[in-house]
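K.L.:
my_file_23.cif is the file, holding mmCIF, C-alpha atoms:
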```cif
data_final
#
loop_
_atom_site.group_PDB
_atom_site.id
_atom_site.type_symbol
_atom_site.label_atom_id
_atom_site.label_comp_id
_atom_site.auth_asym_id
_atom_site.auth_seq_id
_atom_site.Cartn_x
_atom_site.Cartn_y
_atom_site.Cartn_z
ATOM 1 C CA MET A 1 -19.558 8.041 2.666
ATOM 2 C CA ASP A 2 -17.282 10.943 1.786
ATOM 3 C CA ASP A 3 -16.797 12.110 5.358
ATOM 4 C CA VAL A 4 -13.045 11.887 5.944
ATOM 5 C CA TYR A 5 -13.355 10.622 9.500
ATOM 6 C CA GLU A 6 -15.858 7.917 8.522
ATOM 7 C CA LEU A 7 -13.624 6.770 5.672
ATOM 8 C CA TYR A 8 -10.636 6.691 8.016
ATOM 9 C CA ARG A 9 -12.537 4.833 10.718
ATOM 10 C CA ARG A 10 -13.873 2.253 8.253
ATOM 11 C CA GLY A 11 -10.435 1.752 6.712
ATOM 12 C CA MET A 12 -8.823 1.276 10.110
ATOM 13 C CA GLU A 13 -11.497 -1.249 11.106
ATOM 14 C CA LEU A 14 -10.741 -3.224 7.961
ATOM 15 C CA LEU A 15 -7.003 -2.964 8.579
ATOM 16 C CA GLU A 16 -7.289 -4.137 12.181
ATOM 17 C CA ALA A 17 -9.438 -7.059 11.008
ATOM 18 C CA GLY A 18 -6.684 -8.090 8.583
ATOM 19 C CA HIS A 19 -8.522 -7.015 5.429
ATOM 20 C CA ASN A 20 -5.560 -5.115 4.053
ATOM 21 C CA HIS A 21 -6.578 -4.879 0.393
ATOM 22 C CA GLN A 22 -10.090 -3.713 1.298
ATOM 23 C CA ALA A 23 -8.707 -1.180 3.793
ATOM 24 C CA THR A 24 -6.802 0.611 1.044
ATOM 25 C CA ILE A 25 -10.055 1.736 -0.595
ATOM 26 C CA PRO A 26 -11.564 3.912 2.159
ATOM 27 C CA LEU A 27 -8.130 4.961 3.411
ATOM 28 C CA GLY A 28 -7.114 5.993 -0.105
ATOM 29 C CA ARG A 29 -10.276 8.052 -0.471
ATOM 30 C CA ALA A 30 -9.685 9.654 2.935
ATOM 31 C CA ARG A 31 -6.094 10.488 1.917
ATOM 32 C CA ASP A 32 -7.293 12.035 -1.332
ATOM 33 C CA LEU A 33 -9.725 14.237 0.598
ATOM 34 C CA SER A 34 -7.260 15.140 3.343
ATOM 35 C CA PRO A 35 -3.653 14.515 2.239
ATOM 36 C CA GLN A 36 -2.170 16.571 5.064
ATOM 37 C CA HIS A 37 -3.327 14.163 7.790
ATOM 38 C CA THR A 38 -0.422 11.888 8.618
ATOM 39 C CA SER A 39 -2.616 9.490 10.603
ATOM 40 C CA ILE A 40 -4.594 8.711 7.446
ATOM 41 C CA ARG A 41 -1.406 8.276 5.436
ATOM 42 C CA GLU A 42 0.048 5.996 8.105
ATOM 43 C CA GLY A 43 -3.029 3.773 8.042
ATOM 44 C CA LEU A 44 -2.943 3.652 4.255
ATOM 45 C CA GLY A 45 0.783 2.924 4.299
ATOM 46 C CA ARG A 46 0.266 0.063 6.726
ATOM 47 C CA ALA A 47 -2.556 -1.380 4.618
ATOM 48 C CA LEU A 48 -0.485 -1.142 1.443
ATOM 49 C CA PHE A 49 2.538 -2.688 3.172
ATOM 50 C CA HIS A 50 0.536 -5.641 4.462
ATOM 51 C CA ALA A 51 -1.066 -6.020 1.031
ATOM 52 C CA GLN A 52 2.494 -6.331 -0.354
ATOM 53 C CA ARG A 53 2.188 -3.102 -2.318
ATOM 54 C CA CYS A 54 5.492 -1.717 -1.078
ATOM 55 C CA GLU A 55 5.966 0.996 -3.699
ATOM 56 C CA GLY A 56 2.696 2.651 -2.707
ATOM 57 C CA ALA A 57 3.398 2.124 0.979
ATOM 58 C CA ALA A 58 6.831 3.733 0.608
ATOM 59 C CA ALA A 59 5.204 6.785 -0.995
ATOM 60 C CA GLU A 60 2.819 7.156 1.948
ATOM 61 C CA PHE A 61 5.562 6.804 4.555
ATOM 62 C CA ARG A 62 7.803 9.196 2.606
ATOM 63 C CA ALA A 63 4.992 11.782 2.636
ATOM 64 C CA ILE A 64 4.730 11.412 6.424
ATOM 65 C CA VAL A 65 8.495 11.840 6.857
ATOM 66 C CA GLU A 66 8.391 14.996 4.741
ATOM 67 C CA ARG A 67 5.826 16.489 7.143
ATOM 68 C CA ALA A 68 7.270 14.967 10.335
ATOM 69 C CA PRO A 69 10.980 14.152 9.864
ATOM 70 C CA THR A 70 11.331 12.802 13.421
ATOM 71 C CA ASN A 71 8.515 10.271 13.110
ATOM 72 C CA ASP A 72 10.536 7.157 13.923
ATOM 73 C CA TYR A 73 7.752 4.752 12.963
ATOM 74 C CA ALA A 74 7.314 6.305 9.504
ATOM 75 C CA LEU A 75 11.081 6.266 8.985
ATOM 76 C CA PHE A 76 11.233 2.620 10.000
ATOM 77 C CA CYS A 77 8.334 1.659 7.732
ATOM 78 C CA LEU A 78 9.832 3.596 4.816
ATOM 79 C CA GLY A 79 13.099 1.740 5.312
ATOM 80 C CA ARG A 80 11.347 -1.628 5.474
ATOM 81 C CA CYS A 81 9.453 -0.891 2.261
ATOM 82 C CA LEU A 82 12.682 0.028 0.514
ATOM 83 C CA GLN A 83 14.331 -3.166 1.775
ATOM 84 C CA LEU A 84 11.493 -5.286 0.441
ATOM 85 C CA LEU A 85 11.829 -3.514 -2.888
ATOM 86 C CA GLY A 86 15.510 -4.510 -2.931
ATOM 87 C CA ARG A 87 16.688 -0.914 -2.452
ATOM 88 C CA HIS A 88 18.961 -1.658 0.509
ATOM 89 C CA ALA A 89 21.351 1.270 0.053
ATOM 90 C CA GLU A 90 18.403 3.676 -0.003
ATOM 91 C CA ALA A 91 16.866 1.960 3.047
ATOM 92 C CA ARG A 92 19.929 2.605 5.202
ATOM 93 C CA GLN A 93 19.217 6.270 5.925
ATOM 94 C CA PRO A 94 15.608 6.049 7.166
ATOM 95 C CA LEU A 95 16.407 2.908 9.170
ATOM 96 C CA ALA A 96 19.476 4.532 10.730
ATOM 97 C CA LEU A 97 17.458 7.625 11.641
ATOM 98 C CA ALA A 98 14.684 5.516 13.182
ATOM 99 C CA ALA A 99 17.251 3.586 15.243
ATOM 100 C CA CYS A 100 18.866 6.837 16.413
ATOM 101 C CA LEU A 101 15.519 8.311 17.407
ATOM 102 C CA GLN A 102 14.527 5.154 19.311
ATOM 103 C CA PRO A 103 17.770 3.439 20.393
ATOM 104 C CA GLY A 104 15.871 1.056 22.646
ATOM 105 C CA ARG A 105 14.025 -0.517 19.718
ATOM 106 C CA ARG A 106 15.856 -3.741 18.931
ATOM 107 C CA ASP A 107 13.836 -4.288 15.743
ATOM 108 C CA TYR A 108 14.904 -0.888 14.387
ATOM 109 C CA ARG A 109 18.564 -1.748 14.983
ATOM 110 C CA LEU A 110 18.168 -5.221 13.499
ATOM 111 C CA TYR A 111 16.726 -3.981 10.202
ATOM 112 C CA ARG A 112 19.209 -1.067 10.081
ATOM 113 C CA ASP A 113 22.071 -3.554 10.370
ATOM 114 C CA ARG A 114 20.553 -5.812 7.709
ATOM 115 C CA ALA A 115 20.255 -2.882 5.304
ATOM 116 C CA ARG A 116 23.882 -1.920 5.931
ATOM 117 C CA ALA A 117 25.076 -5.475 5.295
ATOM 118 C CA ARG A 118 22.992 -5.944 2.129
ATOM 119 C CA ALA A 119 24.027 -2.537 0.728
ATOM 120 C CA ALA A 120 27.702 -3.262 1.368
ATOM 121 C CA GLY A 121 27.828 -6.694 -0.094
#
```
Re-express the file's structure as structure tokens.

P.N.:
Amino acid sequence: MDDVYELYRRGMELLEAGHNHQATIPLGRARDLSPQHTSIREGLGRALFHAQRCEGAAAEFRAIVERAPTNDYALFCLGRCLQLLGRHAEARQPLALAACLQPGRRDYRLYRDRARARAAG
């Protein structure tokens, strides 16, 4: 089962079924075989986030942002990971960028504002 697509597909099935910890295994293997594919990294980041492994999730979303700096979803998820890690000042930038890229997203603005408030006080 070392075919990248099969690993990705299996990991995404597990993720969609709510088996976040289990999903990290095939998605992690797929990422190791094909680290340039942002869709794999996004799936792995989501699985890690939902498994409450925010440090690893932040690394995956950061890698996506490095390859695609206008990916609003990856920016948002990176910011959320940083918030959950208590790194509110660091979370401000990716959350602000996500909110600028998608000004209609109320959730992006809400978390951006929370990061600003927590970093300031």

K.L.:
Evaluated on this file, the PyMOL selection byres ((chain A and resi 111) around 9) picks out some residues - which ones are they, written as a JSON list (two decimals) with C-alpha atoms, in the frame of the given file?

P.N.:
```
[["chain", "number", "residue", "atom", "x", "y", "z"],
["A", 76, "PHE", "CA", 11.23, 2.62, 10.00],
["A", 79, "GLY", "CA", 13.10, 1.74, 5.31],
["A", 80, "ARG", "CA", 11.35, -1.63, 5.47],
["A", 83, "GLN", "CA", 14.33, -3.17, 1.78],
["A", 92, "ARG", "CA", 19.93, 2.60, 5.20],
["A", 95, "LEU", "CA", 16.41, 2.91, 9.17],
["A", 96, "ALA", "CA", 19.48, 4.53, 10.73],
["A", 106, "ARG", "CA", 15.86, -3.74, 18.93],
["A", 107, "ASP", "CA", 13.84, -4.29, 15.74],
["A", 108, "TYR", "CA", 14.90, -0.89, 14.39],
["A", 109, "ARG", "CA", 18.56, -1.75, 14.98],
["A", 110, "LEU", "CA", 18.17, -5.22, 13.50],
["A", 112, "ARG", "CA", 19.21, -1.07, 10.08],
["A", 113, "ASP", "CA", 22.07, -3.55, 10.37],
["A", 114, "ARG", "CA", 20.55, -5.81, 7.71],
["A", 115, "ALA", "CA", 20.26, -2.88, 5.30],
["A", 116, "ARG", "CA", 23.88, -1.92, 5.93]]
```

K.L.:
For Asp32 in chain A, which of A:Leu15, A:Asp3, A:Phe49, A:Ala68 is the closest residue, counting only C-alpha atoms?

P.N.:
A:Asp3

K.L.:
Quick one: 6 Å padding each side, axis-aligned, all listed atoms of range 103-117 of chain A - centre and edge lengths in Å to one decimal, as lines of an AutoDock Vina configuration file?

P.N.:
```
center_x = 19.5
center_y = -1.2
center_z = 14.0
size_x = 23.2
size_y = 21.3
size_z = 29.4
```

K.L.:
Counting all atoms listed in the file, which of A:Ala59, A:Leu101, A:Ala119, A:Val65 gets nearest to Arg87 in chain A?

P.N.:
A:Ala119

K.L.:
Using only C-alpha atoms - which residues lie no farther than 12 Å from the point (1.2, -5.6, 0.6) in the file's frame? Write them as number ranges by chain.

P.N.:
A: 15, 18-24, 44-58, 80-81, 84-85

K.L.:
Step by step, work through what the PyMOL selection byres ((chain A and resi 33) around 12) selects in the shown file, and finish by giving those residues as an mmCIF file with C-alpha atoms, keeping the file's coordinate frame.

P.N.:
```
data_model
loop_
_atom_site.group_PDB
_atom_site.id
_atom_site.type_symbol
_atom_site.label_atom_id
_atom_site.label_comp_id
_atom_site.auth_asym_id
_atom_site.auth_seq_id
_atom_site.Cartn_x
_atom_site.Cartn_y
_atom_site.Cartn_z
ATOM 1 C CA MET A 1 -19.558 8.041 2.666
ATOM 2 C CA ASP A 2 -17.282 10.943 1.786
ATOM 3 C CA ASP A 3 -16.797 12.110 5.358
ATOM 4 C CA VAL A 4 -13.045 11.887 5.944
ATOM 5 C CA TYR A 5 -13.355 10.622 9.500
ATOM 6 C CA GLU A 6 -15.858 7.917 8.522
ATOM 7 C CA LEU A 7 -13.624 6.770 5.672
ATOM 8 C CA TYR A 8 -10.636 6.691 8.016
ATOM 9 C CA PRO A 26 -11.564 3.912 2.159
ATOM 10 C CA LEU A 27 -8.130 4.961 3.411
ATOM 11 C CA GLY A 28 -7.114 5.993 -0.105
ATOM 12 C CA ARG A 29 -10.276 8.052 -0.471
ATOM 13 C CA ALA A 30 -9.685 9.654 2.935
ATOM 14 C CA ARG A 31 -6.094 10.488 1.917
ATOM 15 C CA ASP A 32 -7.293 12.035 -1.332
ATOM 16 C CA SER A 34 -7.260 15.140 3.343
ATOM 17 C CA PRO A 35 -3.653 14.515 2.239
ATOM 18 C CA GLN A 36 -2.170 16.571 5.064
ATOM 19 C CA HIS A 37 -3.327 14.163 7.790
ATOM 20 C CA ILE A 40 -4.594 8.711 7.446
ATOM 21 C CA ARG A 41 -1.406 8.276 5.436
#
```

K.L.:
Using Å and a single decimal, report how far CA of Arg118 in chain A sits from CA of Gly86 in chain A.

P.N.:
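The value is 9.1 Å.
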
K.L.:
List the neighbours of Asn71 in chain A out to 12 Å using all atoms listed in the file; skip same-chain residues closer than 3 positions along the sequence, and give me the result as a count of residues only.

P.N.:
24

K.L.:
Quick check, in Å to one decimal: how far apart do CA of Ala91 in chain A and CA of Ala117 in chain A lie?

P.N.:
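It comes out at 11.3 Å.
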